[in-house]
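Novice: Take this structure first; my questions come after.
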Amino acid sequence: MNQKKELVAGTPSLKVKLPLPLSFCQGCHHGSAVRVIWESLEELGIEDNTIFIGGVTCGSINAFITDVDALAPVAHGRAPDTASGMRRLVDEDTIIITYQGDGDAIAIGTESLVQAAGRSERITVFMVNNANYGTTGGQMAPTTIVGQKTTTTPLGRGKNQEGFPLSAAEIVAGIKGTAYSARGSLTSPANYTKTKKYVKKALQKQIDKVGFSFVEILSACPPNWGMPPTECLKWIDTELAKEFPLGEFKDVDSPG
């Protein structure tokens with residue numbers, strides 16, 4: 001049934017009217033990250049044929065305020081498993097995406113992520129990396145960089161005690177079943193544009209039925225980092241992007 005909807009800054013459209021009391025903290029990038037994805041869905045003409053599967057992350061609220069078909073939050077770390085099951089239930093032209101945080105995707109969800117890539121599941125995983133467990137209070141995550149202070153590493157992550165961070169985009173790129181892997185950020189208009197290109201290429205791999213695709217997006221977390229939003233942008237550019245370099249790590253038309 002056709003129903004008139006209020007469109008706000010592109011589609012998919014919002015289910016509710018603005019002003020909307022979103023729960024995102026000031027300076028958080030979840031809103032911008034999902035906007036990049038939503039714009040890409042619209043420009044590729046797949047916004048009406050996409051299923052959004054949200055992991056355990058602050059950003060899963062996006063599943064409830066827009067009119068895409070959505071399922072969120074699924075069991076912690078299991079969004080790729082849920083997406084894989086969904087892949088077998090829906091028609092082959094349906095686009096299936098997951099939206100996860102780093103704590104969800106590359107900690108408890110590492111096995112699910114790696115195995116989905118290994119099977120070359122025709123899904124697209126978007127992982128927002130804010131270098132901590134933002135949803136649950138800022139604990140150290142696998143992506144916390146050496147020296148970074150968190151609630152569980154108040155003196156800073158030490159490489160001898162806590163080890164080194166995991167680089168998800170490079171790990172996924174090293175798996176044969178992966179068709180595309182990239183990492184972007186949203187700290188400037190130029191980086192926004194590049195990240196959007198990565199998102200569209202990842203979705204195109206799924207549209208073309210090539211295989212598994214993955215995009216990591218570096219994101220600010222001002223409350224847990226203890227910084228104002230403007231300093232967060234600088235810290236991403238000068239520190240986080242040094243550990244997690246931006247760019248494409250795999251782009252093939254035939255995985256293997």
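Chain identifiers are assigned as A, B, and so on, following the order in which chains appear in the structure tokens; residues are numbered from 1 within each chain, and ligands are numbered from 1 in order of appearance.
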Hey, which bits of region 111-147 of chain A sit within 12 Å of region 249-256 of chain A, and for each residue what's the closest pair of atoms and how far apart in Å (one decimal), counting only C-alpha atoms, rows by chain and increasing number, as CSV?
Specialist:
residue,atom,partner,partner_atom,distance
A:Ala117,CA,A:Pro255,CA,10.1
A:Gly118,CA,A:Gly256,CA,9.7
A:Arg119,CA,A:Pro255,CA,10.3
A:Ser120,CA,A:Pro255,CA,7.7
A:Glu121,CA,A:Pro255,CA,11.0
A:Arg122,CA,A:Pro255,CA,11.4
Novice: Using DSSP assignments from the backbone, pull out every residue in region 27-132 of chain A that falls under alpha helix (DSSP H) and give it to me as a count of residues only.
Specialist: 38
Novice: Give me, please, the distance in Å between CA of Phe64 (chain A) and CA of Gln100 (chain A), quoted to one decimal.
Specialist: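 CA of Gln100 (chain A) lies 14.9 Å from CA of Phe64 (chain A).
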Novice: Can I get the residues of region 173-200 of chain A within 10 Å of region 38-43 of chain A, each with the closest pair of atoms and their distance in Å to one decimal, using only C-alpha atoms, sorted chain first then ascending number, as a Markdown table?
Specialist:
| residue | atom | partner | partner_atom | distance |
| --- | --- | --- | --- | --- |
| A:Lys196 | CA | A:Ser40 | CA | 6.9 |
| A:Lys197 | CA | A:Ser40 | CA | 8.5 |
| A:Tyr198 | CA | A:Ser40 | CA | 9.8 |
| A:Val199 | CA | A:Ser40 | CA | 7.0 |
| A:Lys200 | CA | A:Ser40 | CA | 5.7 |
Novice: How would the residues just picked look written out with N, CA, C and O atoms as a PDB file, in the first residue's frame?
Specialist:
ATOM      1  N   LYS A 196      31.997   7.210   0.949  1.00  0.00           N
ATOM      2  CA  LYS A 196      30.783   6.903   0.181  1.00  0.00           C
ATOM      3  C   LYS A 196      31.121   6.083  -1.058  1.00  0.00           C
ATOM      4  O   LYS A 196      30.383   5.167  -1.435  1.00  0.00           O
ATOM      5  N   LYS A 197      32.243   6.387  -1.674  1.00  0.00           N
ATOM      6  CA  LYS A 197      32.678   5.580  -2.832  1.00  0.00           C
ATOM      7  C   LYS A 197      32.925   4.137  -2.410  1.00  0.00           C
ATOM      8  O   LYS A 197      32.537   3.199  -3.113  1.00  0.00           O
ATOM      9  N   TYR A 198      33.554   3.950  -1.233  1.00  0.00           N
ATOM     10  CA  TYR A 198      33.799   2.590  -0.745  1.00  0.00           C
ATOM     11  C   TYR A 198      32.485   1.862  -0.476  1.00  0.00           C
ATOM     12  O   TYR A 198      32.333   0.679  -0.807  1.00  0.00           O
ATOM     13  N   VAL A 199      31.551   2.566   0.139  1.00  0.00           N
ATOM     14  CA  VAL A 199      30.255   1.954   0.465  1.00  0.00           C
ATOM     15  C   VAL A 199      29.534   1.523  -0.810  1.00  0.00           C
ATOM     16  O   VAL A 199      29.000   0.408  -0.894  1.00  0.00           O
ATOM     17  N   LYS A 200      29.553   2.378  -1.821  1.00  0.00           N
ATOM     18  CA  LYS A 200      28.861   2.049  -3.070  1.00  0.00           C
ATOM     19  C   LYS A 200      29.543   0.892  -3.796  1.00  0.00           C
ATOM     20  O   LYS A 200      28.873   0.021  -4.359  1.00  0.00           O
TER      21      LYS A 200
END
Novice: Between CA of Phe164 (chain A) and CA of Thr152 (chain A), what is the distance in Å, rounded to a tenth?
Specialist: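 Those two atoms sit 15.2 Å apart.
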Novice: Extract, using only C-alpha atoms, all DNA, RNA and protein residues at most 8 Å from region 241-245 of chain A, discarding same-chain residues fewer than 6 positions from it, and format them as an MDAnalysis selection string.
Specialist: chainID A and resid 145 167 183 218
Novice: What would the file look like if the residues just selected were written as a short mmCIF file (atom, residue, chain, number, x, y, z; two decimals), in the first residue's frame with C-alpha atoms?
Specialist:
data_model
loop_
_atom_site.label_atom_id
_atom_site.label_comp_id
_atom_site.auth_asym_id
_atom_site.auth_seq_id
_atom_site.Cartn_x
_atom_site.Cartn_y
_atom_site.Cartn_z
CA ILE A 145 45.16 1.48 20.07
CA SER A 167 42.87 -4.38 11.92
CA ARG A 183 38.32 1.57 5.42
CA LEU A 218 36.43 5.20 11.70
#
